[in-house]
Amino acid sequence: MASGFFQEIEKIRYEGEDSKNPLAFRHYNPDEVIMGKRMEDHLRFAVAWWHSFAWEGGDPFGGPTLERPWHPQDDMGRAKMKADIAFEMFDILGQPYFCWHDADIRPEQGNYADNLRTLEEITDYIGEKMQVSGTKLLWGTANMFSHRRWMGGASTNPDPDVFAFAAATVKSCIDATHKLGGENYVLWGGREGYETLLNTDMGAELDHMGRFLNMVVEYKHKIGFKGAILVEPKPQEPSKHQYDYDAATCIGFLRKYGLEDEVKLNLEQGHAILAGHSFEHEIATAVAEGMLGSIDMNRNDYQSGWDTDQFPNNTPEVALAYYHILKAGGFTTGGTNFDAKIRRQSIDAEDLIAAHVGGMDICARGLKAAAAMIEDGGLEAALEDRYAGWSSDTAQSMLSSGLDEITARVLAEDINPQPRSGQQEILENYVNRFV
Ligand code: XUL
Ligand code: CO
């Protein structure tokens with residue numbers, strides 16, 4: 001029986017581009033086939049439990065604004081009510097997936113054994129609801145940044161007892177993710193970094209983090225978890241500096257600790273912006289290294305410099321992100337997780353639904369634009385043309401020669417390269433035809 005939280009809101013339907021209904025999809029049509037695949041199977045949308053159901057609306061200057069019947073979230077009865085409402089929302093939106101941190105779904109009891117017991121109980125409860133609804137788990141993760149025990153880091157904490165607590169916590173979360181058939185397991189190390197170098201042994205912390213991640217991979221294989229292990233880059237916030245700064249930093253880290261074939265990346269739009277990159281830069285970096293896993297879709301306020309986790313609403317940005325994803329062959333285990341929250345003044349249940357409807361629609365629109373660009377082939381043709389010189393035997397053989405041989409050829413052939421236009425504006429104008 002419905003809880004009544006979403007009142008009269010009915011299942012959201014695709015009504016086409018001309019619809020004026022604010023609670024209808026204008027672009028997201030799950031069964032529409034794009035480049036040979038259903039839109040739903042391309043996008044693989046997920047709701048983030050933390051922003052939609054656990055977050056209470058606080059900011060650094062004020063407390064909760066979102067009054068929900070399952071707040072405060074300190075007992076199992078309310079944790080179950082929260083799960084009931086979550087599944088009602090998945091159904092209204094037709095969201096195929098969801099994601100959680102342990103701390104989002106169970107109350108914090110203060111010690112490991114009690115947290116483990118409530119995590120097992122709530123994931124059994126959620127598992128039953130998944131059976132009925134068909135909604136799936138995109139990924140689970142451990143919140144090792146909110147409770148005060150994590151203030152100096154989890155695997156990078158100077159106190160080995162915190163390392164131990166972190167290891168046991170991640171074990172419990174991988175077990176729960178495995179039990180629920182999760183398709184990935186994510187590690188985002190919000191406090192794996194430092195506040196000041198004055199009290200930080202960076203080399204030791206990086207080694208501990210590398211060993212920790214290896215233990216995660218070893219455990220995954222031990223229990224037969226088939227999902228992907230993903231790390232999520234972010235440069236700062238809450239830490240002044242986070243070790244998983246951006247995609248390139250993570251890739252270097254994974255190679256150093258021998259994890260390049262075992263771990264991929266979960267990339268977030270807002271984190272890319274905080275790192276001084278575009279989202280497509282982060283995606284293209286991961287793709288170039290074969291390490292694209294999944295995405296956290298949202299957007300940042302370009303003025304504030306904070307991780308504002310807003311719902312996406314910029315088609316050109318989203319289209320370029322999906323362009324790189326589609327070019328790489330699309331998601332395998334990954335998907336599009338809305339790591340996005342409504343504003344703290346958006347206090348109605350309807351706001352929560354409308355935010356996801358808009359986010360899903362923008363992603364669908366971006367996906368369609370990306371597919372149209374790929375099918376048209378304009379960018380690919382320009383790229384081929386720009387690098388065409390490298391298809392000659394002479395150019396290729398240069399890569400296996402050396403500086404002295406190349407120099408001899410430059411002298412013998414009087415090589416004197418003539419600059420060519422990069423055609424940036426022409427290409428930007430081209431993209432604008434599709435978005
Ligand atoms: C924080 C963030 C997290 C991770 C999961 O900025 O993005 O929600 O996605 O821990
Ligand atoms: Co995220």
# chains A, B, ... in the order shown; residues from 1 in each chain; ligands from 1

$ residues_around --residues "segment 10-18 of chain A" --least-positions-apart "3" --cutoff "10 Å" --atoms "only C-alpha atoms" --output "list in words"
Phe6, Gln7, Asn21, Pro22, Leu23, Ala24, Phe25, Arg26, His27, Tyr28, Asn29, Pro30, Glu88, Met89, Phe90, Asp91, Ile92, Leu93, Gly94, Ile353, Ala354, Val357 and Asp361 of chain A

$ residues_around --residues "Leu352 of chain A" --least-positions-apart "3" --cutoff "9 Å" --atoms "only C-alpha atoms" --output "list of chain:residue names"
A:Ser52, A:Met89, A:Lys341, A:Ile342, A:Ser346, A:Ile347, A:Asp348, A:Ala349, A:Ala355, A:His356, A:Val357

$ residues_near_ligand --ligand "ligand 1" --cutoff "10 Å" --atoms "only C-alpha atoms and all ligand atoms" --output "PyMOL selection string"
chain A and resi 48-51+99-101+139-145+186-190+231-238+266-271+295-298+306-309+337-340

$ write_last_selection --atoms "N, CA and C atoms" --output "compact mmCIF listing (two decimals), in the first residue's frame"
# COMPACT_ATOMS: atom_id res chain seq x y z
N ALA A 48 20.34 8.08 -6.19
CA ALA A 48 21.27 8.05 -5.06
C ALA A 48 20.48 8.18 -3.75
N TRP A 49 20.55 7.13 -2.93
CA TRP A 49 19.78 7.07 -1.68
C TRP A 49 20.13 8.26 -0.77
N TRP A 50 21.41 8.63 -0.77
CA TRP A 50 21.86 9.66 0.19
C TRP A 50 21.22 11.01 -0.08
N HIS A 51 21.23 11.45 -1.33
CA HIS A 51 20.70 12.79 -1.59
C HIS A 51 19.18 12.83 -1.53
N CYS A 99 21.59 3.38 -5.79
CA CYS A 99 22.90 3.25 -5.15
C CYS A 99 22.78 3.66 -3.68
N TRP A 100 23.59 3.11 -2.82
CA TRP A 100 23.56 3.51 -1.41
C TRP A 100 24.95 3.49 -0.78
N HIS A 101 25.09 4.25 0.32
CA HIS A 101 26.14 4.05 1.32
C HIS A 101 25.47 3.30 2.48
N TRP A 139 25.32 0.22 -7.59
CA TRP A 139 26.48 0.02 -6.72
C TRP A 139 26.16 0.34 -5.26
N GLY A 140 26.95 -0.30 -4.41
CA GLY A 140 26.94 0.01 -2.99
C GLY A 140 28.29 0.61 -2.63
N THR A 141 28.32 1.28 -1.47
CA THR A 141 29.58 1.87 -1.01
C THR A 141 29.51 2.08 0.50
N ALA A 142 30.66 2.32 1.10
CA ALA A 142 30.71 2.58 2.54
C ALA A 142 30.89 4.08 2.77
N ASN A 143 30.12 4.62 3.68
CA ASN A 143 30.33 6.02 4.06
C ASN A 143 31.42 6.04 5.13
N MET A 144 32.62 6.38 4.69
CA MET A 144 33.75 6.47 5.64
C MET A 144 34.25 7.91 5.68
N PHE A 145 33.24 8.82 5.86
CA PHE A 145 33.60 10.23 5.94
C PHE A 145 32.70 11.04 6.87
N VAL A 186 31.76 0.86 -5.20
CA VAL A 186 32.48 2.14 -5.34
C VAL A 186 33.23 2.50 -4.07
N LEU A 187 34.42 3.09 -4.25
CA LEU A 187 35.13 3.68 -3.12
C LEU A 187 35.40 5.15 -3.45
N TRP A 188 34.81 6.02 -2.64
CA TRP A 188 35.12 7.44 -2.74
C TRP A 188 35.75 7.83 -1.41
N GLY A 189 36.97 8.30 -1.45
CA GLY A 189 37.70 8.58 -0.21
C GLY A 189 37.67 10.06 0.15
N GLY A 190 36.53 10.51 0.61
CA GLY A 190 36.39 11.94 0.93
C GLY A 190 37.41 12.44 1.94
N VAL A 231 36.86 3.44 -8.26
CA VAL A 231 37.21 4.55 -7.37
C VAL A 231 36.70 5.84 -8.00
N GLU A 232 36.33 6.78 -7.12
CA GLU A 232 35.70 8.01 -7.60
C GLU A 232 36.60 9.20 -7.30
N PRO A 233 37.15 9.83 -8.33
CA PRO A 233 38.05 10.96 -8.10
C PRO A 233 37.32 12.22 -7.62
N LYS A 234 38.00 12.98 -6.79
CA LYS A 234 37.52 14.32 -6.38
C LYS A 234 38.73 15.05 -5.81
N PRO A 235 38.92 16.31 -6.14
CA PRO A 235 40.16 16.98 -5.72
C PRO A 235 40.19 17.42 -4.25
N GLN A 236 39.03 17.85 -3.76
CA GLN A 236 38.96 18.34 -2.38
C GLN A 236 37.50 18.39 -1.95
N GLU A 237 37.28 18.74 -0.68
CA GLU A 237 35.95 18.82 -0.08
C GLU A 237 35.36 17.44 0.16
N PRO A 238 35.34 16.95 1.39
CA PRO A 238 35.66 17.68 2.61
C PRO A 238 37.16 17.87 2.89
N ASN A 266 34.74 5.79 -11.34
CA ASN A 266 33.39 6.35 -11.32
C ASN A 266 33.57 7.87 -11.36
N LEU A 267 33.22 8.47 -12.48
CA LEU A 267 33.52 9.89 -12.68
C LEU A 267 32.29 10.76 -12.45
N GLU A 268 32.51 11.87 -11.77
CA GLU A 268 31.38 12.75 -11.43
C GLU A 268 31.58 14.12 -12.07
N GLN A 269 30.51 14.60 -12.70
CA GLN A 269 30.55 15.91 -13.37
C GLN A 269 31.07 17.02 -12.44
N GLY A 270 30.47 17.13 -11.26
CA GLY A 270 30.85 18.22 -10.34
C GLY A 270 32.30 18.10 -9.87
N HIS A 271 32.75 16.87 -9.68
CA HIS A 271 34.13 16.67 -9.23
C HIS A 271 35.12 17.09 -10.33
N ILE A 295 29.31 6.69 -14.23
CA ILE A 295 29.32 8.14 -13.98
C ILE A 295 28.33 8.53 -12.89
N ASP A 296 28.72 9.56 -12.14
CA ASP A 296 27.82 10.25 -11.22
C ASP A 296 27.41 11.53 -11.93
N MET A 297 26.16 11.60 -12.32
CA MET A 297 25.69 12.72 -13.11
C MET A 297 25.13 13.80 -12.19
N ASN A 298 25.63 15.00 -12.37
CA ASN A 298 25.07 16.16 -11.66
C ASN A 298 25.64 17.40 -12.33
N TRP A 306 31.79 25.26 -4.78
CA TRP A 306 31.48 24.12 -3.91
C TRP A 306 30.98 22.98 -4.76
N ASP A 307 30.91 21.82 -4.09
CA ASP A 307 30.33 20.65 -4.73
C ASP A 307 28.82 20.73 -4.51
N THR A 308 28.14 21.44 -5.40
CA THR A 308 26.72 21.73 -5.13
C THR A 308 25.78 20.59 -5.53
N ASP A 309 26.30 19.59 -6.26
CA ASP A 309 25.49 18.40 -6.55
C ASP A 309 24.09 18.72 -7.05
N ASN A 337 24.37 7.45 -12.44
CA ASN A 337 23.82 7.64 -11.09
C ASN A 337 23.59 9.12 -10.84
N PHE A 338 22.38 9.50 -10.47
CA PHE A 338 22.12 10.90 -10.14
C PHE A 338 22.66 11.21 -8.76
N ASP A 339 23.94 11.55 -8.70
CA ASP A 339 24.53 11.99 -7.44
C ASP A 339 24.18 13.47 -7.32
N ALA A 340 22.89 13.73 -7.14
CA ALA A 340 22.36 15.09 -7.24
C ALA A 340 21.26 15.29 -6.21

$ atom_distance --atom1 "atom CA of Glu195 of chain A" --atom2 "atom CA of Ala247 of chain A"
21.3 Å

$ residues_around --residues "Ala321 of chain A" --least-positions-apart "6" --cutoff "10 Å" --atoms "only C-alpha atoms" --output "PDB file with all heavy atoms, in the first residue's frame"
ATOM      1  N   GLN A 269      30.514  14.599 -12.700  1.00  0.00           N
ATOM      2  CA  GLN A 269      30.546  15.910 -13.367  1.00  0.00           C
ATOM      3  C   GLN A 269      31.071  17.018 -12.440  1.00  0.00           C
ATOM      4  O   GLN A 269      32.008  17.734 -12.767  1.00  0.00           O
ATOM      5  CB  GLN A 269      29.125  16.243 -13.851  1.00  0.00           C
ATOM      6  CG  GLN A 269      28.800  17.720 -14.018  1.00  0.00           C
ATOM      7  CD  GLN A 269      29.282  18.295 -15.343  1.00  0.00           C
ATOM      8  OE1 GLN A 269      29.665  17.571 -16.240  1.00  0.00           O
ATOM      9  NE2 GLN A 269      29.258  19.595 -15.451  1.00  0.00           N
ATOM     10  N   SER A 278      36.829  19.684 -17.541  1.00  0.00           N
ATOM     11  CA  SER A 278      35.451  19.468 -17.979  1.00  0.00           C
ATOM     12  C   SER A 278      35.129  18.000 -17.716  1.00  0.00           C
ATOM     13  O   SER A 278      36.033  17.177 -17.533  1.00  0.00           O
ATOM     14  CB  SER A 278      35.312  19.762 -19.477  1.00  0.00           C
ATOM     15  OG  SER A 278      36.089  18.836 -20.213  1.00  0.00           O
ATOM     16  N   PHE A 279      33.816  17.694 -17.711  1.00  0.00           N
ATOM     17  CA  PHE A 279      33.412  16.296 -17.498  1.00  0.00           C
ATOM     18  C   PHE A 279      33.960  15.428 -18.632  1.00  0.00           C
ATOM     19  O   PHE A 279      34.468  14.322 -18.409  1.00  0.00           O
ATOM     20  CB  PHE A 279      31.879  16.222 -17.436  1.00  0.00           C
ATOM     21  CG  PHE A 279      31.331  14.953 -16.841  1.00  0.00           C
ATOM     22  CD1 PHE A 279      32.091  14.136 -16.019  1.00  0.00           C
ATOM     23  CD2 PHE A 279      30.011  14.578 -17.096  1.00  0.00           C
ATOM     24  CE1 PHE A 279      31.567  12.978 -15.463  1.00  0.00           C
ATOM     25  CE2 PHE A 279      29.479  13.420 -16.548  1.00  0.00           C
ATOM     26  CZ  PHE A 279      30.253  12.621 -15.739  1.00  0.00           C
ATOM     27  N   GLU A 280      33.880  15.958 -19.876  1.00  0.00           N
ATOM     28  CA  GLU A 280      34.337  15.110 -20.991  1.00  0.00           C
ATOM     29  C   GLU A 280      35.849  14.883 -20.931  1.00  0.00           C
ATOM     30  O   GLU A 280      36.343  13.859 -21.407  1.00  0.00           O
ATOM     31  CB  GLU A 280      33.885  15.653 -22.354  1.00  0.00           C
ATOM     32  CG  GLU A 280      34.480  16.967 -22.799  1.00  0.00           C
ATOM     33  CD  GLU A 280      33.594  18.152 -22.438  1.00  0.00           C
ATOM     34  OE1 GLU A 280      32.803  18.052 -21.468  1.00  0.00           O
ATOM     35  OE2 GLU A 280      33.701  19.192 -23.116  1.00  0.00           O
ATOM     36  N   HIS A 281      36.578  15.823 -20.335  1.00  0.00           N
ATOM     37  CA  HIS A 281      38.022  15.590 -20.155  1.00  0.00           C
ATOM     38  C   HIS A 281      38.246  14.362 -19.274  1.00  0.00           C
ATOM     39  O   HIS A 281      39.078  13.495 -19.585  1.00  0.00           O
ATOM     40  CB  HIS A 281      38.692  16.809 -19.512  1.00  0.00           C
ATOM     41  CG  HIS A 281      40.073  16.519 -18.999  1.00  0.00           C
ATOM     42  ND1 HIS A 281      41.207  16.706 -19.759  1.00  0.00           N
ATOM     43  CD2 HIS A 281      40.506  15.995 -17.817  1.00  0.00           C
ATOM     44  CE1 HIS A 281      42.276  16.320 -19.073  1.00  0.00           C
ATOM     45  NE2 HIS A 281      41.877  15.889 -17.883  1.00  0.00           N
ATOM     46  N   GLU A 282      37.506  14.309 -18.171  1.00  0.00           N
ATOM     47  CA  GLU A 282      37.681  13.183 -17.252  1.00  0.00           C
ATOM     48  C   GLU A 282      37.284  11.864 -17.920  1.00  0.00           C
ATOM     49  O   GLU A 282      37.963  10.841 -17.776  1.00  0.00           O
ATOM     50  CB  GLU A 282      36.859  13.412 -15.971  1.00  0.00           C
ATOM     51  CG  GLU A 282      37.418  14.511 -15.075  1.00  0.00           C
ATOM     52  CD  GLU A 282      38.761  14.127 -14.480  1.00  0.00           C
ATOM     53  OE1 GLU A 282      39.767  14.345 -15.184  1.00  0.00           O
ATOM     54  OE2 GLU A 282      38.811  13.620 -13.340  1.00  0.00           O
ATOM     55  N   ILE A 283      36.171  11.906 -18.656  1.00  0.00           N
ATOM     56  CA  ILE A 283      35.709  10.687 -19.332  1.00  0.00           C
ATOM     57  C   ILE A 283      36.716  10.264 -20.403  1.00  0.00           C
ATOM     58  O   ILE A 283      37.101   9.089 -20.481  1.00  0.00           O
ATOM     59  CB  ILE A 283      34.299  10.902 -19.925  1.00  0.00           C
ATOM     60  CG1 ILE A 283      33.298  11.107 -18.782  1.00  0.00           C
ATOM     61  CG2 ILE A 283      33.876   9.722 -20.797  1.00  0.00           C
ATOM     62  CD1 ILE A 283      31.924  11.568 -19.213  1.00  0.00           C
ATOM     63  N   ALA A 284      37.181  11.242 -21.191  1.00  0.00           N
ATOM     64  CA  ALA A 284      38.132  10.905 -22.264  1.00  0.00           C
ATOM     65  C   ALA A 284      39.438  10.362 -21.672  1.00  0.00           C
ATOM     66  O   ALA A 284      40.053   9.449 -22.245  1.00  0.00           O
ATOM     67  CB  ALA A 284      38.397  12.134 -23.131  1.00  0.00           C
ATOM     68  N   ILE A 295      29.306   6.690 -14.234  1.00  0.00           N
ATOM     69  CA  ILE A 295      29.317   8.139 -13.978  1.00  0.00           C
ATOM     70  C   ILE A 295      28.328   8.528 -12.887  1.00  0.00           C
ATOM     71  O   ILE A 295      27.270   7.919 -12.726  1.00  0.00           O
ATOM     72  CB  ILE A 295      29.046   8.985 -15.251  1.00  0.00           C
ATOM     73  CG1 ILE A 295      27.680   8.693 -15.868  1.00  0.00           C
ATOM     74  CG2 ILE A 295      30.161   8.792 -16.274  1.00  0.00           C
ATOM     75  CD1 ILE A 295      27.285   9.702 -16.964  1.00  0.00           C
ATOM     76  N   MET A 297      26.156  11.598 -12.317  1.00  0.00           N
ATOM     77  CA  MET A 297      25.687  12.724 -13.110  1.00  0.00           C
ATOM     78  C   MET A 297      25.126  13.801 -12.188  1.00  0.00           C
ATOM     79  O   MET A 297      24.291  13.523 -11.323  1.00  0.00           O
ATOM     80  CB  MET A 297      24.606  12.218 -14.084  1.00  0.00           C
ATOM     81  CG  MET A 297      24.063  13.259 -15.013  1.00  0.00           C
ATOM     82  SD  MET A 297      25.321  14.177 -15.906  1.00  0.00           S
ATOM     83  CE  MET A 297      25.446  13.224 -17.415  1.00  0.00           C
ATOM     84  N   THR A 315      22.306  20.740 -21.712  1.00  0.00           N
ATOM     85  CA  THR A 315      22.380  19.718 -22.770  1.00  0.00           C
ATOM     86  C   THR A 315      23.750  19.634 -23.447  1.00  0.00           C
ATOM     87  O   THR A 315      24.277  18.523 -23.604  1.00  0.00           O
ATOM     88  CB  THR A 315      21.284  19.938 -23.845  1.00  0.00           C
ATOM     89  OG1 THR A 315      20.030  20.025 -23.177  1.00  0.00           O
ATOM     90  CG2 THR A 315      21.230  18.791 -24.837  1.00  0.00           C
ATOM     91  N   CYS A 363      19.556  13.981 -19.751  1.00  0.00           N
ATOM     92  CA  CYS A 363      20.489  12.916 -20.145  1.00  0.00           C
ATOM     93  C   CYS A 363      20.017  12.259 -21.436  1.00  0.00           C
ATOM     94  O   CYS A 363      20.829  11.952 -22.318  1.00  0.00           O
ATOM     95  CB  CYS A 363      20.624  11.876 -19.035  1.00  0.00           C
ATOM     96  SG  CYS A 363      21.518  12.515 -17.604  1.00  0.00           S
ATOM     97  N   GLY A 366      20.794  14.561 -24.229  1.00  0.00           N
ATOM     98  CA  GLY A 366      22.237  14.530 -24.493  1.00  0.00           C
ATOM     99  C   GLY A 366      22.635  13.250 -25.222  1.00  0.00           C
ATOM    100  O   GLY A 366      23.443  13.275 -26.154  1.00  0.00           O
ATOM    101  N   LEU A 367      22.055  12.150 -24.790  1.00  0.00           N
ATOM    102  CA  LEU A 367      22.367  10.860 -25.434  1.00  0.00           C
ATOM    103  C   LEU A 367      21.948  10.884 -26.898  1.00  0.00           C
ATOM    104  O   LEU A 367      22.700  10.439 -27.778  1.00  0.00           O
ATOM    105  CB  LEU A 367      21.646   9.725 -24.698  1.00  0.00           C
ATOM    106  CG  LEU A 367      21.862   8.341 -25.305  1.00  0.00           C
ATOM    107  CD1 LEU A 367      23.187   7.748 -24.847  1.00  0.00           C
ATOM    108  CD2 LEU A 367      20.726   7.382 -24.968  1.00  0.00           C
ATOM    109  N   ALA A 370      24.332  12.998 -28.826  1.00  0.00           N
ATOM    110  CA  ALA A 370      25.621  12.301 -28.971  1.00  0.00           C
ATOM    111  C   ALA A 370      25.529  11.234 -30.055  1.00  0.00           C
ATOM    112  O   ALA A 370      26.418  11.111 -30.909  1.00  0.00           O
ATOM    113  CB  ALA A 370      26.018  11.675 -27.631  1.00  0.00           C
TER     114      ALA A 370
END

$ atom_distance --atom1 "atom CA of Glu405 of chain A" --atom2 "atom CA of Ser421 of chain A"
28.8 Å

$ decode --residues "segment 225-235 of chain A" --atoms "all heavy atoms" --output "mmCIF file, in the first residue's frame"
data_model
loop_
_atom_site.group_PDB
_atom_site.id
_atom_site.type_symbol
_atom_site.label_atom_id
_atom_site.label_comp_id
_atom_site.auth_asym_id
_atom_site.auth_seq_id
_atom_site.Cartn_x
_atom_site.Cartn_y
_atom_site.Cartn_z
ATOM 1 N N PHE A 225 32.534 -12.034 -6.149
ATOM 2 C CA PHE A 225 31.758 -10.855 -6.579
ATOM 3 C C PHE A 225 32.195 -10.496 -7.993
ATOM 4 O O PHE A 225 33.374 -10.246 -8.249
ATOM 5 C CB PHE A 225 32.008 -9.688 -5.605
ATOM 6 C CG PHE A 225 31.357 -8.388 -6.020
ATOM 7 C CD1 PHE A 225 29.978 -8.289 -6.129
ATOM 8 C CD2 PHE A 225 32.123 -7.266 -6.307
ATOM 9 C CE1 PHE A 225 29.371 -7.093 -6.512
ATOM 10 C CE2 PHE A 225 31.533 -6.065 -6.690
ATOM 11 C CZ PHE A 225 30.140 -5.983 -6.789
ATOM 12 N N LYS A 226 31.229 -10.482 -8.913
ATOM 13 C CA LYS A 226 31.576 -10.283 -10.328
ATOM 14 C C LYS A 226 31.544 -8.813 -10.748
ATOM 15 O O LYS A 226 31.949 -8.465 -11.861
ATOM 16 C CB LYS A 226 30.609 -11.083 -11.218
ATOM 17 C CG LYS A 226 30.718 -12.595 -11.025
ATOM 18 C CD LYS A 226 31.909 -13.158 -11.796
ATOM 19 C CE LYS A 226 32.129 -14.627 -11.541
ATOM 20 N NZ LYS A 226 33.004 -14.906 -10.392
ATOM 21 N N GLY A 227 31.016 -7.952 -9.882
ATOM 22 C CA GLY A 227 30.908 -6.529 -10.230
ATOM 23 C C GLY A 227 32.273 -5.869 -10.340
ATOM 24 O O GLY A 227 33.296 -6.440 -9.956
ATOM 25 N N ALA A 228 32.263 -4.655 -10.877
ATOM 26 C CA ALA A 228 33.516 -3.903 -11.005
ATOM 27 C C ALA A 228 33.793 -3.117 -9.717
ATOM 28 O O ALA A 228 32.866 -2.636 -9.072
ATOM 29 C CB ALA A 228 33.416 -2.947 -12.184
ATOM 30 N N ILE A 229 35.061 -3.009 -9.373
ATOM 31 C CA ILE A 229 35.475 -2.123 -8.275
ATOM 32 C C ILE A 229 35.828 -0.784 -8.914
ATOM 33 O O ILE A 229 36.628 -0.715 -9.858
ATOM 34 C CB ILE A 229 36.709 -2.687 -7.527
ATOM 35 C CG1 ILE A 229 36.438 -4.106 -6.985
ATOM 36 C CG2 ILE A 229 37.146 -1.734 -6.417
ATOM 37 C CD1 ILE A 229 35.439 -4.186 -5.863
ATOM 38 N N LEU A 230 35.217 0.277 -8.383
ATOM 39 C CA LEU A 230 35.424 1.612 -8.959
ATOM 40 C C LEU A 230 35.918 2.581 -7.901
ATOM 41 O O LEU A 230 35.436 2.553 -6.768
ATOM 42 C CB LEU A 230 34.097 2.154 -9.521
ATOM 43 C CG LEU A 230 33.305 1.248 -10.478
ATOM 44 C CD1 LEU A 230 31.970 1.899 -10.837
ATOM 45 C CD2 LEU A 230 34.106 0.962 -11.739
ATOM 46 N N VAL A 231 36.865 3.441 -8.260
ATOM 47 C CA VAL A 231 37.211 4.549 -7.369
ATOM 48 C C VAL A 231 36.696 5.841 -8.001
ATOM 49 O O VAL A 231 36.621 5.955 -9.225
ATOM 50 C CB VAL A 231 38.719 4.658 -7.042
ATOM 51 C CG1 VAL A 231 39.186 3.451 -6.240
ATOM 52 C CG2 VAL A 231 39.561 4.824 -8.291
ATOM 53 N N GLU A 232 36.331 6.778 -7.120
ATOM 54 C CA GLU A 232 35.696 8.013 -7.599
ATOM 55 C C GLU A 232 36.598 9.202 -7.300
ATOM 56 O O GLU A 232 36.787 9.571 -6.146
ATOM 57 C CB GLU A 232 34.337 8.173 -6.907
ATOM 58 C CG GLU A 232 33.569 9.388 -7.394
ATOM 59 C CD GLU A 232 32.168 9.472 -6.793
ATOM 60 O OE1 GLU A 232 31.533 8.414 -6.564
ATOM 61 O OE2 GLU A 232 31.715 10.597 -6.544
ATOM 62 N N PRO A 233 37.154 9.832 -8.328
ATOM 63 C CA PRO A 233 38.054 10.962 -8.096
ATOM 64 C C PRO A 233 37.320 12.218 -7.622
ATOM 65 O O PRO A 233 36.183 12.468 -8.005
ATOM 66 C CB PRO A 233 38.672 11.244 -9.477
ATOM 67 C CG PRO A 233 38.241 10.137 -10.374
ATOM 68 C CD PRO A 233 37.037 9.509 -9.771
ATOM 69 N N LYS A 234 38.004 12.982 -6.790
ATOM 70 C CA LYS A 234 37.519 14.317 -6.375
ATOM 71 C C LYS A 234 38.731 15.046 -5.808
ATOM 72 O O LYS A 234 39.492 14.445 -5.051
ATOM 73 C CB LYS A 234 36.420 14.177 -5.316
ATOM 74 C CG LYS A 234 35.757 15.516 -4.959
ATOM 75 C CD LYS A 234 34.605 15.327 -3.973
ATOM 76 C CE LYS A 234 33.918 16.644 -3.692
ATOM 77 N NZ LYS A 234 32.849 16.523 -2.685
ATOM 78 N N PRO A 235 38.922 16.315 -6.141
ATOM 79 C CA PRO A 235 40.165 16.975 -5.717
ATOM 80 C C PRO A 235 40.187 17.424 -4.250
ATOM 81 O O PRO A 235 41.230 17.389 -3.608
ATOM 82 C CB PRO A 235 40.248 18.184 -6.644
ATOM 83 C CG PRO A 235 38.830 18.475 -7.034
ATOM 84 C CD PRO A 235 38.126 17.141 -7.075
#
